[in-house]
Amino acid sequence: MSRFRQRLLCNGQMLNDDSPLQGSMDLHLVLLPVIDMTDLAFRDVDLVDAAEFGNVEETEEILQLPADPDVVGLMSWGEHPATPLYAAAARGHAGVVRLLLEARADIDRVALHQGTPQHEKPFVEACLAGHAEVVRLLLKARAAANQTVTCYTSDTREEYERPILGPILESQELEVGRALLEARADPASAHVAMRFALQENQSEIVRLLQEFGAEVPEPRLRRRYVR
């Protein structure tokens, strides 16, 4: 259980982090349930808003209530719901992401609207936005490096899934790509990125993939389209 839901009492009084401990003390550890955020007393408390705008101090205060780190709310740019971790990851606020992970936020949770997912997972969104520090934090929290992202065909707009590494390198997000490869993303899943990099003389992408074991295709195969 995270520190946000723990209170240490001495003779019925709560101890703060800087409270001195002297000699023999009668200490009691109390584990608190999360508060009901629908209660009118907390109508002005918005964890998603604090996370979206990178307010570390406010996020800490709300989590200390203690609030549910996975509470769903609205982000400023739309009417659809999001989790605090998604809001912070999408904006690249690493400090807030650290707090939410410490509070045991669910790294795979996706907010729903009428049963439909409203966004990618926080990890995928951080990758697509190029927030390498956040990506590394989520990988450390055991996010899978080989996750997929929803893509669309250019003609019929049909959905299909691709491993995240390819689109990241095609967007030239090299630092994020390196983080994924270091976390054992499959370099072979970026074969389209390799082909584009060869065609456009993007040597850094080619070298990065080769560093992690990708093979450079034969010249006669480089112009073949592979989805």
# chains A, B, ... in the order shown; residues from 1 in each chain; ligands from 1

call {"tool": "residues_around", "arguments": {"residues": "region 99-109 of chain A", "least_positions_apart": "2", "cutoff": "6 Å", "atoms": "only C-alpha atoms", "output": "ChimeraX atom specification"}}
result
/A:2,69-70,96-97,121

call {"tool": "write_last_selection", "arguments": {"atoms": "all heavy atoms", "output": "PDB file, in the first residue's frame"}}
result
ATOM      1  N   SER A   2       0.488   2.262  -0.740  1.00  0.00           N
ATOM      2  CA  SER A   2       1.319   3.454  -0.882  1.00  0.00           C
ATOM      3  C   SER A   2       1.337   4.279   0.399  1.00  0.00           C
ATOM      4  O   SER A   2       0.458   4.165   1.259  1.00  0.00           O
ATOM      5  CB  SER A   2       0.800   4.318  -2.032  1.00  0.00           C
ATOM      6  OG  SER A   2      -0.379   5.011  -1.645  1.00  0.00           O
ATOM      7  N   PRO A  69      -5.896   7.261  -7.056  1.00  0.00           N
ATOM      8  CA  PRO A  69      -5.038   7.728  -8.148  1.00  0.00           C
ATOM      9  C   PRO A  69      -5.600   7.414  -9.531  1.00  0.00           C
ATOM     10  O   PRO A  69      -5.109   7.953 -10.527  1.00  0.00           O
ATOM     11  CB  PRO A  69      -3.723   6.988  -7.904  1.00  0.00           C
ATOM     12  CG  PRO A  69      -4.121   5.748  -7.171  1.00  0.00           C
ATOM     13  CD  PRO A  69      -5.270   6.164  -6.298  1.00  0.00           C
ATOM     14  N   ASP A  70      -6.623   6.562  -9.589  1.00  0.00           N
ATOM     15  CA  ASP A  70      -7.214   6.197 -10.878  1.00  0.00           C
ATOM     16  C   ASP A  70      -8.567   6.859 -11.112  1.00  0.00           C
ATOM     17  O   ASP A  70      -9.314   6.455 -12.013  1.00  0.00           O
ATOM     18  CB  ASP A  70      -7.371   4.669 -10.972  1.00  0.00           C
ATOM     19  CG  ASP A  70      -6.036   3.957 -10.989  1.00  0.00           C
ATOM     20  OD1 ASP A  70      -5.118   4.431 -11.682  1.00  0.00           O
ATOM     21  OD2 ASP A  70      -5.904   2.922 -10.304  1.00  0.00           O
ATOM     22  N   VAL A  96       4.792  14.488 -11.783  1.00  0.00           N
ATOM     23  CA  VAL A  96       3.448  14.025 -11.425  1.00  0.00           C
ATOM     24  C   VAL A  96       3.321  12.526 -11.684  1.00  0.00           C
ATOM     25  O   VAL A  96       2.722  11.797 -10.888  1.00  0.00           O
ATOM     26  CB  VAL A  96       2.378  14.808 -12.212  1.00  0.00           C
ATOM     27  CG1 VAL A  96       0.989  14.208 -11.979  1.00  0.00           C
ATOM     28  CG2 VAL A  96       2.389  16.276 -11.807  1.00  0.00           C
ATOM     29  N   VAL A  97       3.894  12.064 -12.783  1.00  0.00           N
ATOM     30  CA  VAL A  97       3.855  10.629 -13.079  1.00  0.00           C
ATOM     31  C   VAL A  97       4.512   9.840 -11.949  1.00  0.00           C
ATOM     32  O   VAL A  97       3.997   8.801 -11.518  1.00  0.00           O
ATOM     33  CB  VAL A  97       4.540  10.331 -14.428  1.00  0.00           C
ATOM     34  CG1 VAL A  97       4.745   8.826 -14.621  1.00  0.00           C
ATOM     35  CG2 VAL A  97       3.714  10.896 -15.581  1.00  0.00           C
ATOM     36  N   LYS A 121      -3.408   3.794 -23.976  1.00  0.00           N
ATOM     37  CA  LYS A 121      -2.885   3.652 -22.621  1.00  0.00           C
ATOM     38  C   LYS A 121      -1.877   4.774 -22.357  1.00  0.00           C
ATOM     39  O   LYS A 121      -1.267   5.311 -23.288  1.00  0.00           O
ATOM     40  CB  LYS A 121      -2.213   2.293 -22.457  1.00  0.00           C
ATOM     41  CG  LYS A 121      -3.179   1.117 -22.501  1.00  0.00           C
ATOM     42  CD  LYS A 121      -2.437  -0.198 -22.334  1.00  0.00           C
ATOM     43  CE  LYS A 121      -3.402  -1.376 -22.383  1.00  0.00           C
ATOM     44  NZ  LYS A 121      -2.704  -2.677 -22.234  1.00  0.00           N
TER      45      LYS A 121
END

call {"tool": "residues_around", "arguments": {"residues": "Pro117 (chain A)", "least_positions_apart": "4", "cutoff": "12 Å", "atoms": "only C-alpha atoms", "output": "MDAnalysis selection string"}}
result
chainID A and resid 80:83 108:113 121 150

call {"tool": "select_by_dssp", "arguments": {"residues": "region 3-220 of chain A", "states": "strand (DSSP E or B)", "output": "number ranges by chain"}}
result
A: 6-10, 13-14, 27-31, 73-74, 81-82, 112-113, 116-117, 148-152, 159-163

call {"tool": "residues_around", "arguments": {"residues": "Val149 (chain A)", "least_positions_apart": "5", "cutoff": "12 Å", "atoms": "only C-alpha atoms", "output": "ChimeraX atom specification"}}
result
/A:119-128,159-168

call {"tool": "closest_residue", "arguments": {"among": "A:Thr156, A:Gln210, A:Gln64, A:Gln6", "to": "His28 (chain A)", "atoms": "only C-alpha atoms"}}
result
A:Gln6

call {"tool": "closest_atom_pairs", "arguments": {"of": "region 109-165 of chain A", "to": "region 179-190 of chain A", "cutoff": "10 Å", "atoms": "only C-alpha atoms", "output": "JSON lines"}}
result
{"residue": "A:Cys127", "atom": "CA", "partner": "A:Leu180", "partner_atom": "CA", "distance": 9.0}
{"residue": "A:Ala132", "atom": "CA", "partner": "A:Ala179", "partner_atom": "CA", "distance": 7.3}
{"residue": "A:Glu133", "atom": "CA", "partner": "A:Ala179", "partner_atom": "CA", "distance": 9.1}
{"residue": "A:Val135", "atom": "CA", "partner": "A:Ala179", "partner_atom": "CA", "distance": 7.4}
{"residue": "A:Arg136", "atom": "CA", "partner": "A:Ala179", "partner_atom": "CA", "distance": 6.4}
{"residue": "A:Leu139", "atom": "CA", "partner": "A:Ala183", "partner_atom": "CA", "distance": 7.2}
{"residue": "A:Lys140", "atom": "CA", "partner": "A:Ala183", "partner_atom": "CA", "distance": 9.0}
{"residue": "A:Arg142", "atom": "CA", "partner": "A:Ala183", "partner_atom": "CA", "distance": 9.6}
{"residue": "A:Ala143", "atom": "CA", "partner": "A:Ala183", "partner_atom": "CA", "distance": 9.4}
{"residue": "A:Ala144", "atom": "CA", "partner": "A:Ala183", "partner_atom": "CA", "distance": 8.2}
{"residue": "A:Ala145", "atom": "CA", "partner": "A:Ala185", "partner_atom": "CA", "distance": 5.1}
{"residue": "A:Asn146", "atom": "CA", "partner": "A:Ala185", "partner_atom": "CA", "distance": 5.1}
{"residue": "A:Gln147", "atom": "CA", "partner": "A:Ala185", "partner_atom": "CA", "distance": 8.7}
{"residue": "A:Arg162", "atom": "CA", "partner": "A:Ser189", "partner_atom": "CA", "distance": 8.3}
{"residue": "A:Pro163", "atom": "CA", "partner": "A:Ser189", "partner_atom": "CA", "distance": 6.4}
{"residue": "A:Ile164", "atom": "CA", "partner": "A:Ser189", "partner_atom": "CA", "distance": 8.5}
{"residue": "A:Leu165", "atom": "CA", "partner": "A:Ala190", "partner_atom": "CA", "distance": 6.0}

call {"tool": "write_last_selection", "arguments": {"atoms": "C-alpha atoms", "output": "short mmCIF file (atom, residue, chain, number, x, y, z; two decimals), in the first residue's frame"}}
result
data_model
loop_
_atom_site.label_atom_id
_atom_site.label_comp_id
_atom_site.auth_asym_id
_atom_site.auth_seq_id
_atom_site.Cartn_x
_atom_site.Cartn_y
_atom_site.Cartn_z
CA CYS A 127 5.61 7.29 -26.51
CA ALA A 132 11.19 9.93 -23.12
CA GLU A 133 11.54 10.53 -19.37
CA VAL A 135 8.34 6.51 -21.04
CA ARG A 136 11.31 5.34 -18.97
CA LEU A 139 8.86 1.04 -18.34
CA LYS A 140 10.41 0.89 -14.88
CA ARG A 142 6.65 -2.66 -15.80
CA ALA A 143 4.88 -1.24 -18.83
CA ALA A 144 5.39 -3.63 -21.75
CA ALA A 145 7.78 -2.31 -24.40
CA ASN A 146 6.07 -4.24 -27.22
CA GLN A 147 2.65 -2.65 -26.83
CA ARG A 162 1.11 -1.98 -34.98
CA PRO A 163 3.88 -2.46 -32.42
CA ILE A 164 4.69 0.96 -31.00
CA LEU A 165 8.40 0.92 -31.92
#

call {"tool": "select_by_dssp", "arguments": {"residues": "region 1-210 of chain A", "states": "alpha helix (DSSP H)", "output": "ChimeraX atom specification"}}
result
/A:47-52,56-63,84-91,94-102,122-129,132-140,165-170,174-182,191-199,203-210

call {"tool": "closest_residue", "arguments": {"among": "A:Val71, A:Arg3, A:Leu8, A:Met14", "to": "Ile35 (chain A)", "atoms": "only C-alpha atoms"}}
result
A:Val71

call {"tool": "closest_residue", "arguments": {"among": "A:Phe196, A:Trp77, A:Phe53, A:Phe212", "to": "Gly92 (chain A)", "atoms": "only C-alpha atoms"}}
result
A:Phe53

call {"tool": "closest_residue", "arguments": {"among": "A:Asp26, A:Glu52, A:Asp36, A:Asp46", "to": "Pro66 (chain A)", "atoms": "only C-alpha atoms"}}
result
A:Asp36

call {"tool": "atom_distance", "arguments": {"atom1": "CA of Ala90 (chain A)", "atom2": "CA of Gly54 (chain A)"}}
result
10.7 Å
